[in-house]
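Participant: Contents of protein29.txt (compact mmCIF, C-alpha atoms):
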```txt
# COMPACT_ATOMS: atom_id res chain seq x y z
CA MET A 1 -27.72 50.84 -18.50
CA LYS A 2 -28.46 47.75 -20.56
CA ASN A 3 -24.92 46.43 -19.89
CA ALA A 4 -25.34 47.03 -16.19
CA VAL A 5 -28.60 45.06 -16.13
CA LEU A 6 -26.99 42.21 -18.06
CA GLY A 7 -24.10 42.23 -15.60
CA ILE A 8 -26.46 41.97 -12.64
CA VAL A 9 -28.41 39.13 -14.29
CA SER A 10 -25.17 37.24 -15.07
CA ALA A 11 -23.99 37.67 -11.51
CA LEU A 12 -27.28 36.34 -10.17
CA VAL A 13 -27.17 33.32 -12.50
CA PHE A 14 -23.55 32.60 -11.49
CA ALA A 15 -24.42 32.92 -7.79
CA GLY A 16 -27.39 30.61 -8.29
CA SER A 17 -25.15 28.06 -9.97
CA LEU A 18 -22.72 28.16 -7.06
CA ILE A 19 -25.54 27.67 -4.58
CA SER A 20 -26.88 24.73 -6.59
CA LEU A 21 -23.40 23.17 -6.84
CA SER A 22 -22.82 23.66 -3.12
CA ALA A 23 -26.16 22.01 -2.35
CA GLN A 24 -25.29 19.06 -4.59
CA GLN A 25 -21.90 18.66 -2.91
CA LYS A 26 -23.49 18.76 0.55
CA GLU A 27 -26.10 16.22 -0.50
CA SER A 28 -23.37 13.97 -1.95
CA ALA A 29 -21.25 14.27 1.19
CA ALA A 30 -24.28 13.55 3.37
CA THR A 31 -25.12 10.40 1.40
CA PRO A 32 -22.97 7.53 2.69
CA LEU A 33 -21.50 5.00 0.27
CA THR A 34 -23.41 1.76 0.01
CA ALA A 35 -21.75 -1.56 0.80
CA GLU A 36 -21.77 -2.28 -2.95
CA ASP A 37 -20.02 1.05 -3.68
CA ARG A 38 -17.35 0.36 -1.06
CA GLU A 39 -16.84 -3.14 -2.43
CA LYS A 40 -16.38 -1.83 -5.98
CA HIS A 41 -13.96 0.82 -4.75
CA THR A 42 -11.89 -1.82 -2.92
CA GLU A 43 -11.87 -4.12 -5.94
CA GLU A 44 -10.76 -1.30 -8.24
CA LYS A 45 -8.04 -0.29 -5.77
CA HIS A 46 -6.63 -3.83 -5.92
CA ALA A 47 -7.10 -4.26 -9.67
CA LYS A 48 -5.59 -0.96 -10.85
CA PRO A 49 -1.91 -1.66 -10.00
CA ILE A 50 -2.25 -5.09 -11.64
CA LEU A 51 -3.74 -3.70 -14.83
CA ASP A 52 -1.19 -0.87 -14.88
CA ALA A 53 1.68 -3.34 -14.50
CA LEU A 54 0.35 -5.64 -17.22
CA ALA A 55 -0.30 -2.81 -19.72
CA LEU A 56 -2.15 -5.36 -21.86
CA LYS A 57 -3.17 -3.07 -24.74
CA ASP A 58 -5.76 -5.74 -25.47
CA ALA A 59 -9.32 -4.67 -24.72
CA ASP A 60 -10.68 -8.22 -24.99
CA LYS A 61 -8.17 -9.64 -22.49
CA GLU A 62 -8.70 -6.76 -20.08
CA ALA A 63 -12.48 -7.17 -20.31
CA LYS A 64 -12.08 -10.82 -19.29
CA LEU A 65 -9.52 -10.09 -16.57
CA ARG A 66 -11.41 -7.34 -14.74
CA PRO A 67 -14.34 -9.48 -13.50
CA MET A 68 -11.91 -12.29 -12.72
CA LEU A 69 -9.91 -9.98 -10.44
CA ALA A 70 -13.07 -8.51 -8.91
CA LYS A 71 -14.44 -11.96 -8.07
CA HIS A 72 -11.13 -13.09 -6.56
CA PHE A 73 -10.67 -9.99 -4.40
CA LYS A 74 -14.25 -10.25 -3.19
CA ALA A 75 -13.60 -13.86 -2.13
CA LEU A 76 -10.30 -12.82 -0.51
CA ASN A 77 -11.89 -9.99 1.46
CA THR A 78 -14.76 -12.20 2.62
CA TRP A 79 -12.36 -14.90 3.77
CA HIS A 80 -10.21 -12.40 5.68
CA ASP A 81 -13.28 -10.91 7.38
CA GLN A 82 -13.91 -14.38 8.78
CA ASN A 83 -10.32 -15.31 9.67
CA ASP A 84 -8.28 -12.16 10.39
CA ALA A 85 -8.77 -12.18 14.16
CA LYS A 86 -7.25 -15.64 14.43
CA ILE A 87 -4.50 -14.90 11.91
CA LYS A 88 -3.49 -11.69 13.70
CA ALA A 89 -3.21 -13.54 17.02
CA LEU A 90 -1.02 -16.23 15.44
CA TRP A 91 1.33 -13.68 13.85
CA GLY A 92 1.57 -12.13 17.32
CA GLU A 93 2.65 -15.51 18.69
CA PHE A 94 5.20 -15.80 15.89
CA ASP A 95 6.69 -12.38 16.74
CA LYS A 96 6.83 -13.22 20.47
CA ALA A 97 8.58 -16.52 19.74
CA ARG A 98 11.10 -14.77 17.49
CA SER A 99 11.78 -12.17 20.19
CA ALA A 100 12.32 -14.97 22.70
CA LYS A 101 14.63 -16.71 20.17
CA SER A 102 12.34 -19.75 20.23
CA ASP A 103 12.58 -21.42 16.83
CA ALA A 104 10.17 -24.13 17.95
CA GLY A 105 7.57 -21.55 19.01
CA ALA A 106 7.95 -19.61 15.75
CA ASP A 107 7.64 -22.78 13.67
CA ALA A 108 4.54 -23.83 15.63
CA ALA A 109 2.88 -20.46 14.98
CA LEU A 110 3.73 -20.65 11.26
CA GLU A 111 2.29 -24.15 11.06
CA GLN A 112 -0.96 -22.93 12.59
CA ILE A 113 -1.06 -19.96 10.20
CA GLY A 114 -0.62 -22.39 7.34
CA GLY A 115 -3.48 -24.45 8.72
CA VAL A 116 -5.81 -21.45 8.68
CA TYR A 117 -4.81 -20.50 5.13
CA ALA A 118 -5.41 -24.08 3.94
CA SER A 119 -9.12 -23.27 3.75
CA PHE A 120 -8.37 -20.55 1.17
CA LYS A 121 -6.24 -22.85 -0.99
CA PRO A 122 -9.11 -23.88 -3.34
CA GLU A 123 -9.76 -20.22 -4.19
CA HIS A 124 -6.01 -19.60 -4.63
CA GLU A 125 -5.72 -22.53 -7.04
CA LYS A 126 -8.86 -21.48 -8.94
CA PHE A 127 -7.43 -17.98 -9.35
CA ASP A 128 -4.18 -19.41 -10.75
CA GLN A 129 -6.11 -21.61 -13.16
CA GLU A 130 -8.36 -18.77 -14.35
CA LEU A 131 -5.40 -16.44 -14.91
CA SER A 132 -3.73 -19.12 -17.05
CA THR A 133 -6.68 -19.12 -19.45
CA ILE A 134 -5.96 -15.58 -20.63
CA LEU A 135 -2.42 -14.68 -19.52
CA THR A 136 1.03 -16.06 -20.29
CA PRO A 137 3.20 -17.44 -17.44
CA GLU A 138 5.26 -14.24 -17.58
CA GLN A 139 2.12 -12.11 -17.28
CA ILE A 140 0.94 -14.17 -14.31
CA GLU A 141 4.31 -13.44 -12.67
CA THR A 142 3.60 -9.76 -13.28
CA VAL A 143 0.19 -10.07 -11.60
CA LYS A 144 1.72 -11.68 -8.51
CA ASP A 145 4.54 -9.13 -8.38
CA ALA A 146 1.98 -6.31 -8.54
CA MET A 147 0.03 -7.93 -5.69
CA THR A 148 3.20 -7.90 -3.54
CA ILE A 149 4.68 -4.53 -4.63
CA ASN A 150 7.61 -6.24 -6.39
CA LYS A 151 9.06 -7.65 -3.17
CA VAL A 152 10.70 -10.57 -5.01
CA LYS A 153 12.79 -8.33 -7.26
CA ILE A 154 13.55 -5.74 -4.58
CA THR A 155 14.60 -8.31 -1.97
CA PHE A 156 16.57 -10.40 -4.46
CA ASN A 157 18.55 -7.35 -5.60
CA ALA A 158 19.15 -6.33 -1.98
CA TYR A 159 20.64 -9.75 -1.19
CA GLY A 160 22.99 -9.29 -4.13
CA GLU A 161 24.26 -6.05 -2.57
CA ILE A 162 24.40 -7.31 1.02
CA PHE A 163 26.16 -10.57 0.13
CA PRO A 164 28.43 -9.75 -2.84
CA GLY A 165 30.03 -13.20 -2.80
CA ILE A 166 26.87 -15.21 -3.52
CA THR A 167 27.11 -17.70 -6.39
CA ALA A 168 24.58 -18.67 -9.07
CA GLU A 169 23.59 -21.62 -6.86
CA HIS A 170 22.96 -19.33 -3.90
CA LYS A 171 20.95 -16.96 -6.08
CA ALA A 172 18.79 -19.82 -7.36
CA PHE A 173 17.97 -20.85 -3.78
CA ILE A 174 17.18 -17.26 -2.80
CA LEU A 175 14.93 -16.66 -5.81
CA LYS A 176 13.08 -19.95 -5.31
CA ASN A 177 12.28 -19.06 -1.70
CA LEU A 178 11.31 -15.47 -2.47
CA LYS A 179 8.84 -16.74 -5.06
CA ALA A 180 7.48 -19.20 -2.49
CA ALA A 181 7.03 -16.23 -0.13
CA ARG A 182 5.20 -14.34 -2.86
CA GLU A 183 2.87 -17.29 -3.47
CA GLU A 184 1.76 -17.16 0.17
CA ALA A 185 1.83 -13.39 0.43
CA ILE A 186 -0.69 -12.83 -2.37
CA ASP A 187 -3.32 -14.35 -0.07
CA ALA A 188 -2.46 -11.99 2.81
CA GLY A 189 -4.99 -9.37 3.82
CA SER A 190 -2.64 -6.43 4.38
CA MET A 191 0.79 -5.20 3.36
CA PRO A 192 2.30 -5.84 6.84
CA GLU A 193 1.12 -9.44 6.61
CA LYS A 194 2.58 -9.79 3.11
CA SER A 195 5.89 -8.61 4.60
CA ALA A 196 5.51 -11.17 7.39
CA PHE A 197 5.30 -13.99 4.84
CA PHE A 198 8.48 -12.71 3.21
CA LYS A 199 10.11 -12.57 6.64
CA LYS A 200 9.22 -16.25 7.09
CA TYR A 201 11.24 -17.12 4.00
CA LYS A 202 14.02 -14.61 4.66
CA ILE A 203 14.71 -16.54 7.89
CA LYS A 204 15.19 -19.68 5.78
CA ILE A 205 17.38 -17.85 3.26
CA GLU A 206 19.61 -16.37 5.93
CA ALA A 207 19.95 -19.74 7.68
CA TYR A 208 21.01 -21.18 4.32
CA LEU A 209 23.58 -18.42 3.78
CA THR A 210 24.95 -18.94 7.29
CA ALA A 211 25.32 -22.66 6.58
CA HIS A 212 27.27 -21.74 3.42
CA GLY A 213 29.85 -19.67 5.25
CA PHE A 214 28.34 -16.17 5.25
CA ASP A 215 28.37 -14.03 8.39
CA VAL A 216 24.85 -12.67 8.00
CA LYS A 217 24.92 -10.20 10.90
CA GLU A 218 28.27 -8.77 9.85
CA SER A 219 27.16 -8.51 6.22
CA TYR A 220 24.10 -6.54 7.28
CA ARG A 221 26.21 -4.31 9.53
CA VAL A 222 28.62 -3.50 6.70
CA PHE A 223 25.77 -2.86 4.26
CA VAL A 224 23.91 -0.53 6.66
CA ALA A 225 27.13 1.36 7.45
CA LYS A 226 27.81 1.77 3.73
CA GLN A 227 24.27 3.06 3.12
CA LYS A 228 24.59 5.60 5.94
CA ALA A 229 27.97 6.76 4.69
CA GLU A 230 26.54 7.30 1.19
CA GLN A 231 23.57 9.23 2.57
CA ASN A 232 25.85 11.42 4.70
CA ALA A 233 28.09 12.07 1.70
CA LYS A 234 25.10 13.21 -0.35
CA LYS A 235 23.97 15.55 2.43
CA ALA A 236 27.47 17.00 2.76
CA ALA A 237 27.95 17.48 -0.99
CA PRO A 238 27.73 21.11 -2.18
CA THR A 239 24.38 21.89 -3.78
CA GLY A 240 25.79 24.55 -6.12
CA GLU A 241 25.23 28.26 -6.24
CA LYS A 242 21.71 29.55 -6.52
CA LYS A 243 21.02 31.68 -9.55
```
Spell out the structure here as structure tokens.
Facilitator:
Amino acid sequence: MKNAVLGIVSALVFAGSLISLSAQQKESAATPLTAEDREKHTEEKHAKPILDALALKDADKEAKLRPMLAKHFKALNTWHDQNDAKIKALWGEFDKARSAKSDAGADAALEQIGGVYASFKPEHEKFDQELSTILTPEQIETVKDAMTINKVKITFNAYGEIFPGITAEHKAFILKNLKAAREEAIDAGSMPEKSAFFKKYKIKIEAYLTAHGFDVKESYRVFVAKQKAEQNAKKAAPTGEKK
């Protein structure tokens, strides 16, 4: 009898705990995040991949870097809130000009985009300077690669596969322009816009390769055909007997 009573009491306590937890969850869900909470979440979202990539293993350096990143991303987000409508319209003009095969129109749109971003240049330069006070040049490269999901390395390696005949001189030109793209892309407000900055420089790279005797369209066609053939071969390969 005593055990039965204890069992009932335990069940009631457990049920009460569940009700309390459920009430807390509902209250939490009903309470919207403050602007400060959202800002901190956004800053952490941007800072985490950078800190993960750096893997500093130096608590003092990381303690100095975190507020530096938070301050920069806050300034970046504020600037984009004020300028994104204009920037988006200009990228739309760039895309239309490219579709119409109007180099002059595309160049004009890019020039205007550059003009808008000129007002963010002081913050960009301050960020570079602040990073240099605690990080090595190689670590700063890592920060910028993390901010652009390693597009320099990925695109550079892809060019090596698409154009197997490129020389050291060609590679130097490609790398220089991809890093220039990265320098602009770290100020972009979204991943599609970061890609758009890389597209701007890929146009220059491909014009350079064309001028140096490469058939860019044919090289892409061969590369895509090769990729598809490899994918089809993998799909057709026997998967082995199931045990």
Participant: Please produce, as JSON lines, a per-residue contact table for region 181-210 of chain A versus region 84-93 of chain A (criterion: any atom at most 9 Å away, all atoms listed in the file considered), showing the nearest atom pair and its distance in Å to one decimal, sorted by chain then residue number.
Facilitator:
```
{"residue": "A:Gly189", "atom": "CA", "partner": "A:Asp84", "partner_atom": "CA", "distance": 7.9}
{"residue": "A:Glu193", "atom": "CA", "partner": "A:Trp91", "partner_atom": "CA", "distance": 8.4}
{"residue": "A:Ala196", "atom": "CA", "partner": "A:Trp91", "partner_atom": "CA", "distance": 8.1}
```
Participant: I need the residues from that last selection saved to file as an mmCIF file, in the coordinates of the input (with C-alpha atoms), if you can.
Facilitator:
```cif
data_model
loop_
_atom_site.group_PDB
_atom_site.id
_atom_site.type_symbol
_atom_site.label_atom_id
_atom_site.label_comp_id
_atom_site.auth_asym_id
_atom_site.auth_seq_id
_atom_site.Cartn_x
_atom_site.Cartn_y
_atom_site.Cartn_z
ATOM 1 C CA GLY A 189 -4.990 -9.370 3.820
ATOM 2 C CA GLU A 193 1.120 -9.440 6.610
ATOM 3 C CA ALA A 196 5.510 -11.170 7.390
#
```
Participant: Could you list, as number ranges by chain, every residue within 9 Å of Glu184 (chain A), counting all atoms listed in the file and ignoring same-chain residues fewer than 5 positions away?
Facilitator: A: 117, 179, 194, 197-198
Participant: Can you tell me how far CA of Lys199 (chain A) sits from CA of Glu138 (chain A), in Å to one decimal?
Facilitator: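 Calculated distance between CA of Lys199 (chain A) and CA of Glu138 (chain A) is 24.8 Å.
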Participant: Pick out the residues sitting within 10 Å of Asp215 (chain A), and hand them over as an mmCIF file with C-alpha atoms, keeping the file's coordinate frame; count all atoms listed in the file, and ignore anything fewer than 5 positions along from it in its own chain.
Facilitator:
```cif
data_model
loop_
_atom_site.group_PDB
_atom_site.id
_atom_site.type_symbol
_atom_site.label_atom_id
_atom_site.label_comp_id
_atom_site.auth_asym_id
_atom_site.auth_seq_id
_atom_site.Cartn_x
_atom_site.Cartn_y
_atom_site.Cartn_z
ATOM 1 C CA PHE A 163 26.160 -10.570 0.130
ATOM 2 C CA GLU A 206 19.610 -16.370 5.930
ATOM 3 C CA LEU A 209 23.580 -18.420 3.780
ATOM 4 C CA THR A 210 24.950 -18.940 7.290
ATOM 5 C CA TYR A 220 24.100 -6.540 7.280
#
```
Participant: Within 10 Å of Trp79 (chain A), counting all atoms listed in the file, which residues show up once you throw out same-chain ones fewer than 4 positions away? Write them as a VMD selection string, please.
Facilitator: chain A and resid 73 to 75 83 to 84 117 119 to 120 123 187 189
Participant: If we count all atoms listed in the file and set the cut-off at 10 Å, which residues sit around Glu141 (chain A), ignoring sequence neighbours fewer than 4 positions away in its own chain? Please answer as a ChimeraX atom specification.
Facilitator: /A:54,135-137,145-147,179,182
Participant: Print the selection's residues with C-alpha atoms to a file, as a PDB file, keeping the file's coordinate frame.
Facilitator:
```pdb
ATOM      1  CA  LEU A  54       0.350  -5.640 -17.220  1.00  0.00           C
ATOM      2  CA  LEU A 135      -2.420 -14.680 -19.520  1.00  0.00           C
ATOM      3  CA  THR A 136       1.030 -16.060 -20.290  1.00  0.00           C
ATOM      4  CA  PRO A 137       3.200 -17.440 -17.440  1.00  0.00           C
ATOM      5  CA  ASP A 145       4.540  -9.130  -8.380  1.00  0.00           C
ATOM      6  CA  ALA A 146       1.980  -6.310  -8.540  1.00  0.00           C
ATOM      7  CA  MET A 147       0.030  -7.930  -5.690  1.00  0.00           C
ATOM      8  CA  LYS A 179       8.840 -16.740  -5.060  1.00  0.00           C
ATOM      9  CA  ARG A 182       5.200 -14.340  -2.860  1.00  0.00           C
TER      10      ARG A 182
END
```
Participant: How far is it from CA of Leu76 (chain A) to CA of Ala188 (chain A), in Å with one decimal?
Facilitator: 8.6 Å
